[in-house]
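Take a look at the structure set out below.
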Amino acid sequence: MTDLGFAIAFWILAVVCVGSALAIVLLRNVFRAALFMVLCFVAIAGVFVTLNADFLAAVQILIYAGAIGILLIFGIMLTRNSERGSPSGRLRIPALVATGLLLVTFVYIALNTTWPLSSQPPLEQTTAGIAEALFNRYVLPFEVASVLLLAAIIGAIALVRER
Amino acid sequence: MSFWDYVVNLFPNLGSLIWGWLLSIVPWWAAYLIMGLVGIIVILLFVIGVVIVLIWVERRGVGRFQIRLGPNRAGPEGIFQPFADVIKLFLKEDVVPALSDKWIHWLAPVVVFVPTLLAFAVIPLQDGALLADLNIGILYIVAVTTLTGIGIFMAGWGSNNKYSLLASMRAVAQMVSYEVPLVLSLIGVVMIAGSLSMVSIVHAQGLPFILFQPLGCLIYFISATAELNRSPMDLLEAESEIVAGYNMEYSSMKWGLFFLGEFAAAILVSAIIATLFLGGWQGPWLPPYLWFIVKTFIVYFVLLWMRSTLPRLRVDQLMGFAWKFLFPLSLINIFIIGIELILWPSLPWPLSLVNIGLAVGLVIGWSRLFKLGAGEYREWGYGLGIAKGMALTFIHLFRKPITVQYPEQKLVMPSRLRGYEFGWDQQRCTACQLCANACPHGVIDMTIAIDEKRKRRVEKLEMDLGRCMFCGLCIEACNRQALTMGMDYETATYRRGDLIMDMSKLSRGVSQPSAYARVKKAAEPGKEGEEE
């Protein structure tokens with residue numbers, strides 16, 4: 001019964017996810033595309049919930065749907081004539097070739113990877129598990145990532161500062 | 001189980017009762033589904049019910065803070081006012097701008113309202129009385145409520161109105177900025193409790209966390225006020241600058257949904273503060289859910305109090321306050337509580353005194369870093385002025401309202417009032433027509449007849465009060481004091497024609513002559529008028 005429930009949830013989320021992802025690419029209206037991107041993020045958070053990764057789901061909504069989605073919409077609003085969509089340029093055909101190659105690569109990798117299945121039961125307290133992993137075993141990469149983000153923030157401030 | 005025990009554990013008992021009954025008639029998954037739906041409907045009804053009560057509390061309460069009465073006509077003490085408001089909202093026309101993005105315009109109120117509603121799922125009314133005890137409770141609330149910002153953007157963009165767009169950008173910038181101190185101020189509580197779950201946090205509070213986290217509580221309260229876009233941080237609806245905010249192009253129930261979402265968010269914030277800082281449902285004597293409601297209401301009262309006291313901030317001050325005041329203080333707060341937890345993991349109670357002292361010192365000290373407009377410093381920081389203002393409005397709460405209830409009570413008017421009525425004394429009038437000539441609007445229509453003894457007589461006199469501007473020049477022009485002005489100010493009619501005063505109406509005189517007309521009467525002929 002639970003398996004069926006999870007299957008139903010997965011398929012609904014998958015359809016929403018892929019549908020909204022297609023809408024991002026196909027819609028001419030950039031603002032609507034951005035909203036579909038937020039929907040896509042929320043659907044991915046739903047997938048995390050079905051995988052018992054509740055902390056990740058909350059962070060996905062907080063950072064991707066909340067913060068990044070809003071920043072993106074800010075960017076759209078501050079761009080002139082953005083509601084007309086991207087203008088057609090000379091780079092259309094090279095872009096098509098590049099993205100086509102990328103798609104083929106991704107599909108090839110996805111089909112040729114043996115996805116390992118963990119037999120361990122899911123954690124009850126995911127927050128504590130993530131914290132232990134981040135601050136014990138992977139503390140160096142974590143700190144490196146923090147420094148990288150800090151550098152990015154300082155760089156952004158330096159770029160937009162009035163002289 | 002005694003009756004009292006049953007009352008104390010009302011919600012868990014009720015839940016298990018319905019659960020057992022459902023299990024006996026349907027399979028467990030259907031029961032699970034039905035319980036979920038029932039929970040959602042209960043939360044929705046709860047929120048709407050509380051909002052209806054709070055609209056009344058808010059309108060009457062803000063009135064009392066400002067020594068007014070507030071709306072008191074619909075029903076006893078105005079308790080039907082919210083219902084009247086809601087019915088009015090439902091009956092209004094739903095106007096959608098012609099060039100708006102219809103889908104986004106339609107969806108925006110929903111996206112604003114639903115996240116707030118979702119967040120209520122993890123608020124515990126009492127132990128075991130909540131929809132879902134998530135391990136990540138408080139993180140879930142923070143995450144879900146950020147989606148409100150997208151709804152505000154959608155409203156601003158979908159309306160196709162530059163003021164809406166401007167207001168929504170401003171609102172979202174404010175929300176994003178205040179999100180940072182808001183989340184950081186909660187970390188202290190999470191560190192003490194050692195859990196993100198709302199229920200565990202309440203269980204961890206032997207003493208309410210406000211004693212150990214006064215600074216965190218203050219920062220959360222202020223940032224949450226900004227998130228709610230309530231006064232004094234209600235810049236997004238600053239009528240003087242951006243007309244009415246992101247919801248300007250909304251009407252009818254769509255606008256009502258924004259309104260509902262705002263109130264629901266205010267309740268949510270009050271409930272979160274009650275749960276995280278005030279000990280949640282814990283308390284002596286009363287049933288736990290009542291304690292929870294009382295605490296929530298106390299926090300809401302403070303929100304209301306602040307709203308009716310403090311003036312609105314300027315937009316750059318608002319951003320500076322978030323980034324230069326709340327953000328560093330919330331980081332310091334995390335450091336302090338971290339050090340304390342390392343040194344004394346059990347947090348003995350004297351630490352609360354230390355923390356309160358530190359909080360007061362930090363707030364006053366940090367605010368001294370800020371300059372006033374002219375570049376001068378406040379000797380005691382900025383807290384004192386706010387405290388004084390808050391004390392003043394609190395005293396207002398107990399004063400007699402100065403509202404004059406108009407039709408029953410009349411305002412006392414100044415004695416020189418140039419009112420809405422005129423009297424004409426036929427005996428005194430010499431038909432000189434000076435008044436008609438003096439009138440700048442041609443209000444006075446006077447025709448005269450001259451009889452065979454060359455005596456002038458008024459044939460027709462009409463004054464069109466619809467055009468009169470009550471300058472009093474006709475009164476001054478009349479040297480026989482035949483025209484008088486009255487004190488009445490409530491002449492309203494259904495037809496314009498009723499405003500034309502003919503000779504018979506004018507001859508009736510005035511109810512109470514204005515001192516403006518009496519001045520001339522008392523004066524000696526030839527001398528200019530003096531006050532009596």
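Chain identifiers are assigned as A, B, and so on, following the order in which chains appear in the structure tokens; residues are numbered from 1 within each chain, and ligands are numbered from 1 in order of appearance.
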
Interface rows for chain B against chain A: nearest pair, Å to one decimal, 7 Å, only C-alpha atoms, as a tab-separated table:
residue	atom	partner	partner_atom	distance
B:Asn135	CA	A:Gln125	CA	6.8
B:Ile136	CA	A:Phe55	CA	6.4
B:Leu139	CA	A:Ala58	CA	6.6
B:Tyr140	CA	A:Ala58	CA	5.6
B:Ala143	CA	A:Leu62	CA	4.2
B:Val144	CA	A:Ile61	CA	6.9
B:Thr146	CA	A:Gly66	CA	5.2
B:Leu147	CA	A:Gly66	CA	5.5
B:Ile150	CA	A:Ile70	CA	6.3

Write the residues of the preceding selection, restricted to N, CA and C atoms, as a CSV table (one decimal), in the first residue's frame.
chain,number,residue,atom,x,y,z
B,135,ASN,N,10.3,16.6,12.0
B,135,ASN,CA,11.6,16.8,12.6
B,135,ASN,C,12.2,18.1,12.3
B,136,ILE,N,11.8,18.7,11.2
B,136,ILE,CA,12.4,20.0,10.8
B,136,ILE,C,11.4,21.1,11.0
B,139,LEU,N,12.3,24.9,10.5
B,139,LEU,CA,12.9,25.1,9.2
B,139,LEU,C,11.8,25.0,8.1
B,140,TYR,N,10.9,24.1,8.3
B,140,TYR,CA,9.7,24.0,7.4
B,140,TYR,C,9.0,25.3,7.3
B,143,ALA,N,11.0,27.8,5.5
B,143,ALA,CA,11.1,27.5,4.1
B,143,ALA,C,9.8,27.9,3.4
B,144,VAL,N,8.7,27.4,3.9
B,144,VAL,CA,7.4,27.5,3.3
B,144,VAL,C,7.0,29.0,3.2
B,146,THR,N,8.8,31.6,2.8
B,146,THR,CA,9.5,32.4,1.8
B,146,THR,C,8.8,32.4,0.5
B,147,LEU,N,7.9,31.4,0.2
B,147,LEU,CA,7.2,31.4,-1.1
B,147,LEU,C,6.3,32.6,-1.2
B,150,ILE,N,7.2,35.2,-3.8
B,150,ILE,CA,6.9,34.9,-5.2
B,150,ILE,C,5.5,35.4,-5.5

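Selecting strand (DSSP E) from the backbone DSSP output for range 345-504 of chain B yields Phe422, Gly423, Trp424, Ile444, Asp445, Met446, Thr447, Ile448, Ala449, Ile450, Arg456, Arg457, Val458, Glu459, Lys460, Leu461, Glu462, Met463, Asp464, Leu483, Thr484, Met485, Ile500 and Met501 of chain B.
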
Residues just named, written with N, CA and C atoms as a PDB file, in the first residue's frame:
ATOM      1  N   PHE B 422     -29.388  80.673   6.667  1.00  0.00           N
ATOM      2  CA  PHE B 422     -29.501  82.126   6.653  1.00  0.00           C
ATOM      3  C   PHE B 422     -30.887  82.520   7.141  1.00  0.00           C
ATOM      4  N   GLY B 423     -30.931  83.672   7.804  1.00  0.00           N
ATOM      5  CA  GLY B 423     -32.236  84.216   8.185  1.00  0.00           C
ATOM      6  C   GLY B 423     -32.390  85.606   7.568  1.00  0.00           C
ATOM      7  N   TRP B 424     -33.641  85.956   7.277  1.00  0.00           N
ATOM      8  CA  TRP B 424     -33.882  87.252   6.620  1.00  0.00           C
ATOM      9  C   TRP B 424     -35.020  87.932   7.347  1.00  0.00           C
ATOM     10  N   ILE B 444     -27.426  85.114  -4.346  1.00  0.00           N
ATOM     11  CA  ILE B 444     -28.635  85.815  -3.932  1.00  0.00           C
ATOM     12  C   ILE B 444     -29.344  86.372  -5.167  1.00  0.00           C
ATOM     13  N   ASP B 445     -30.556  85.911  -5.359  1.00  0.00           N
ATOM     14  CA  ASP B 445     -31.365  86.346  -6.492  1.00  0.00           C
ATOM     15  C   ASP B 445     -32.474  87.231  -5.921  1.00  0.00           C
ATOM     16  N   MET B 446     -32.336  88.543  -6.086  1.00  0.00           N
ATOM     17  CA  MET B 446     -33.302  89.465  -5.488  1.00  0.00           C
ATOM     18  C   MET B 446     -33.910  90.355  -6.560  1.00  0.00           C
ATOM     19  N   THR B 447     -35.210  90.329  -6.671  1.00  0.00           N
ATOM     20  CA  THR B 447     -35.891  91.286  -7.552  1.00  0.00           C
ATOM     21  C   THR B 447     -36.703  92.225  -6.672  1.00  0.00           C
ATOM     22  N   ILE B 448     -36.691  93.494  -7.051  1.00  0.00           N
ATOM     23  CA  ILE B 448     -37.396  94.446  -6.218  1.00  0.00           C
ATOM     24  C   ILE B 448     -38.470  95.151  -7.038  1.00  0.00           C
ATOM     25  N   ALA B 449     -39.417  95.705  -6.338  1.00  0.00           N
ATOM     26  CA  ALA B 449     -40.465  96.503  -6.993  1.00  0.00           C
ATOM     27  C   ALA B 449     -40.494  97.875  -6.321  1.00  0.00           C
ATOM     28  N   ILE B 450     -40.728  98.899  -7.091  1.00  0.00           N
ATOM     29  CA  ILE B 450     -40.822 100.244  -6.536  1.00  0.00           C
ATOM     30  C   ILE B 450     -42.267 100.713  -6.695  1.00  0.00           C
ATOM     31  N   ARG B 456     -39.173 101.069  -1.972  1.00  0.00           N
ATOM     32  CA  ARG B 456     -38.648  99.817  -2.533  1.00  0.00           C
ATOM     33  C   ARG B 456     -39.131  98.638  -1.698  1.00  0.00           C
ATOM     34  N   ARG B 457     -39.486  97.598  -2.394  1.00  0.00           N
ATOM     35  CA  ARG B 457     -40.045  96.429  -1.720  1.00  0.00           C
ATOM     36  C   ARG B 457     -39.444  95.182  -2.394  1.00  0.00           C
ATOM     37  N   VAL B 458     -39.136  94.200  -1.592  1.00  0.00           N
ATOM     38  CA  VAL B 458     -38.562  92.974  -2.172  1.00  0.00           C
ATOM     39  C   VAL B 458     -39.675  92.137  -2.780  1.00  0.00           C
ATOM     40  N   GLU B 459     -39.548  91.881  -4.049  1.00  0.00           N
ATOM     41  CA  GLU B 459     -40.542  91.052  -4.733  1.00  0.00           C
ATOM     42  C   GLU B 459     -40.204  89.567  -4.576  1.00  0.00           C
ATOM     43  N   LYS B 460     -38.915  89.264  -4.792  1.00  0.00           N
ATOM     44  CA  LYS B 460     -38.501  87.866  -4.773  1.00  0.00           C
ATOM     45  C   LYS B 460     -37.091  87.802  -4.196  1.00  0.00           C
ATOM     46  N   LEU B 461     -36.875  86.866  -3.261  1.00  0.00           N
ATOM     47  CA  LEU B 461     -35.522  86.670  -2.727  1.00  0.00           C
ATOM     48  C   LEU B 461     -35.263  85.169  -2.671  1.00  0.00           C
ATOM     49  N   GLU B 462     -34.222  84.740  -3.340  1.00  0.00           N
ATOM     50  CA  GLU B 462     -33.865  83.316  -3.292  1.00  0.00           C
ATOM     51  C   GLU B 462     -32.364  83.195  -3.107  1.00  0.00           C
ATOM     52  N   MET B 463     -31.984  82.314  -2.209  1.00  0.00           N
ATOM     53  CA  MET B 463     -30.550  82.064  -2.031  1.00  0.00           C
ATOM     54  C   MET B 463     -30.278  80.605  -2.346  1.00  0.00           C
ATOM     55  N   ASP B 464     -29.362  80.371  -3.294  1.00  0.00           N
ATOM     56  CA  ASP B 464     -29.028  78.994  -3.680  1.00  0.00           C
ATOM     57  C   ASP B 464     -27.848  78.528  -2.822  1.00  0.00           C
ATOM     58  N   LEU B 483     -29.967  90.471   7.139  1.00  0.00           N
ATOM     59  CA  LEU B 483     -29.527  89.093   6.887  1.00  0.00           C
ATOM     60  C   LEU B 483     -28.745  88.604   8.093  1.00  0.00           C
ATOM     61  N   THR B 484     -29.034  87.375   8.545  1.00  0.00           N
ATOM     62  CA  THR B 484     -28.235  86.789   9.626  1.00  0.00           C
ATOM     63  C   THR B 484     -27.764  85.415   9.198  1.00  0.00           C
ATOM     64  N   MET B 485     -26.694  85.008   9.804  1.00  0.00           N
ATOM     65  CA  MET B 485     -26.119  83.693   9.499  1.00  0.00           C
ATOM     66  C   MET B 485     -26.288  82.803  10.720  1.00  0.00           C
ATOM     67  N   ILE B 500     -32.309  75.588  -2.447  1.00  0.00           N
ATOM     68  CA  ILE B 500     -32.656  76.980  -2.770  1.00  0.00           C
ATOM     69  C   ILE B 500     -33.618  77.488  -1.697  1.00  0.00           C
ATOM     70  N   MET B 501     -33.201  78.514  -0.969  1.00  0.00           N
ATOM     71  CA  MET B 501     -34.022  79.044   0.116  1.00  0.00           C
ATOM     72  C   MET B 501     -34.832  80.214  -0.422  1.00  0.00           C
TER      73      MET B 501
END

| Residue contacts of Arg73 in chain B (12 Å, only C-alpha atoms) excluding same-chain residues fewer than 3 positions away, as a ChimeraX atom specification | /B:60,69-70,76-82,84,405-406

| field | DSSP-assigned helix (DSSP H, G or I) among chain A, expressed as a ChimeraX atom specification | value | /A:2-26,30-50,54-77,82-84,92-112,126-137,139-160

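CA of Pro288 in chain B is positioned 16.3 Å from CA of Ser2 in chain B.
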
| task | Grab the CA of Ile364 in chain B to CA of Ile272 in chain B distance for me, in Å with one decimal place. | result |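 These atoms are spaced 26.1 Å apart.
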
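In this model, the gap between CA of Leu310 in chain B and CA of Asp234 in chain B comes to 11.1 Å.
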
| message | I'd like the contact shell of Tyr300 in chain B - 7 Å cut-off, only C-alpha atoms, skipping same-chain residues fewer than 4 positions apart - returned as a VMD selection string. | response | chain B and resid 267 270 296 304

Same residues, C-alpha atoms, output as a PDB file, in the first residue's frame:
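Listed below is the output, part_31.pdb:
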ATOM      1  CA  ILE B 267      -1.384  35.048  13.712  1.00  0.00           C
ATOM      2  CA  SER B 270       2.325  35.330  17.111  1.00  0.00           C
ATOM      3  CA  THR B 296      -0.522  33.952  21.028  1.00  0.00           C
ATOM      4  CA  LEU B 304      -1.102  45.809  17.483  1.00  0.00           C
TER       5      LEU B 304
END

Identify, on the basis of only C-alpha atoms, every residue whose closest approach to Ala226 in chain B does not exceed 8 Å; exclude the query and any residue fewer than 6 positions from it along the same chain; express the result as a PDB file with N, CA and C atoms, in the first residue's frame.
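The result, stored in part.pdb:
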ATOM      1  N   GLN B 174      12.511  43.979   0.852  1.00  0.00           N
ATOM      2  CA  GLN B 174      12.382  44.036   2.311  1.00  0.00           C
ATOM      3  C   GLN B 174      12.286  42.639   2.909  1.00  0.00           C
ATOM      4  N   MET B 175      11.474  41.783   2.276  1.00  0.00           N
ATOM      5  CA  MET B 175      11.282  40.444   2.827  1.00  0.00           C
ATOM      6  C   MET B 175      12.573  39.642   2.773  1.00  0.00           C
ATOM      7  N   TYR B 178      15.063  40.916   5.447  1.00  0.00           N
ATOM      8  CA  TYR B 178      14.729  40.569   6.826  1.00  0.00           C
ATOM      9  C   TYR B 178      14.704  39.074   7.064  1.00  0.00           C
ATOM     10  N   MET B 233       6.718  48.855   9.496  1.00  0.00           N
ATOM     11  CA  MET B 233       7.492  48.477   8.316  1.00  0.00           C
ATOM     12  C   MET B 233       6.566  48.209   7.131  1.00  0.00           C
ATOM     13  N   ASP B 234       5.456  48.903   7.060  1.00  0.00           N
ATOM     14  CA  ASP B 234       4.505  48.620   5.988  1.00  0.00           C
ATOM     15  C   ASP B 234       4.764  49.513   4.781  1.00  0.00           C
TER      16      ASP B 234
END

| task | Could you give me, as an MDAnalysis selection string, the residues within 9 Å of range 201-217 of chain B, counting only C-alpha atoms and dropping anything in the same chain fewer than 4 positions from it? | result | chainID B and resid 124 127 182 184:190 192:197 221:222 273 275:282 329:330 333:334 337 347 349 351:356 358:360 362:363

The selected residues should be written to file as a PDB file, in the first residue's frame (atoms: C-alpha atoms).
ATOM      1  CA  PRO B 124       1.272  22.635  18.237  1.00  0.00           C
ATOM      2  CA  ASP B 127       1.135  18.082  23.076  1.00  0.00           C
ATOM      3  CA  LEU B 182      14.873  36.214  11.077  1.00  0.00           C
ATOM      4  CA  LEU B 184      19.621  33.683  12.399  1.00  0.00           C
ATOM      5  CA  SER B 185      17.611  34.763  15.442  1.00  0.00           C
ATOM      6  CA  LEU B 186      15.917  31.365  15.540  1.00  0.00           C
ATOM      7  CA  ILE B 187      19.229  29.505  15.638  1.00  0.00           C
ATOM      8  CA  GLY B 188      19.742  30.381  19.309  1.00  0.00           C
ATOM      9  CA  VAL B 189      16.510  28.640  20.239  1.00  0.00           C
ATOM     10  CA  VAL B 190      17.359  25.644  18.099  1.00  0.00           C
ATOM     11  CA  ILE B 192      19.346  25.402  23.256  1.00  0.00           C
ATOM     12  CA  ALA B 193      16.606  22.912  22.430  1.00  0.00           C
ATOM     13  CA  GLY B 194      18.851  20.745  20.277  1.00  0.00           C
ATOM     14  CA  SER B 195      16.030  20.118  17.845  1.00  0.00           C
ATOM     15  CA  LEU B 196      14.150  21.745  14.992  1.00  0.00           C
ATOM     16  CA  SER B 197      10.846  20.127  15.931  1.00  0.00           C
ATOM     17  CA  PHE B 221       9.836  39.933  16.518  1.00  0.00           C
ATOM     18  CA  ILE B 222      11.144  42.919  14.571  1.00  0.00           C
ATOM     19  CA  ILE B 273       6.777  33.411  19.119  1.00  0.00           C
ATOM     20  CA  THR B 275       5.768  28.406  20.824  1.00  0.00           C
ATOM     21  CA  LEU B 276       9.475  29.165  20.542  1.00  0.00           C
ATOM     22  CA  PHE B 277      10.002  31.868  23.135  1.00  0.00           C
ATOM     23  CA  LEU B 278       7.083  31.847  25.563  1.00  0.00           C
ATOM     24  CA  GLY B 279       6.887  28.158  26.377  1.00  0.00           C
ATOM     25  CA  GLY B 280       4.112  27.141  24.002  1.00  0.00           C
ATOM     26  CA  TRP B 281       1.226  25.335  25.651  1.00  0.00           C
ATOM     27  CA  GLN B 282       2.955  25.018  29.022  1.00  0.00           C
ATOM     28  CA  LEU B 329      23.244  41.562  16.560  1.00  0.00           C
ATOM     29  CA  SER B 330      21.775  38.209  15.565  1.00  0.00           C
ATOM     30  CA  ASN B 333      23.503  36.467  19.782  1.00  0.00           C
ATOM     31  CA  ILE B 334      24.482  33.124  18.253  1.00  0.00           C
ATOM     32  CA  ILE B 337      24.509  31.423  23.342  1.00  0.00           C
ATOM     33  CA  LEU B 347      21.840  26.533  31.246  1.00  0.00           C
ATOM     34  CA  TRP B 349      18.709  30.147  35.478  1.00  0.00           C
ATOM     35  CA  LEU B 351      22.304  32.945  32.932  1.00  0.00           C
ATOM     36  CA  SER B 352      18.960  34.406  31.922  1.00  0.00           C
ATOM     37  CA  LEU B 353      19.740  37.532  33.962  1.00  0.00           C
ATOM     38  CA  VAL B 354      23.122  37.761  32.243  1.00  0.00           C
ATOM     39  CA  ASN B 355      21.474  37.394  28.857  1.00  0.00           C
ATOM     40  CA  ILE B 356      18.838  40.025  29.567  1.00  0.00           C
ATOM     41  CA  LEU B 358      23.619  41.667  27.601  1.00  0.00           C
ATOM     42  CA  ALA B 359      20.612  42.184  25.361  1.00  0.00           C
ATOM     43  CA  VAL B 360      19.777  45.588  26.831  1.00  0.00           C
ATOM     44  CA  LEU B 362      23.879  45.459  23.114  1.00  0.00           C
ATOM     45  CA  VAL B 363      20.712  47.098  21.808  1.00  0.00           C
TER      46      VAL B 363
END
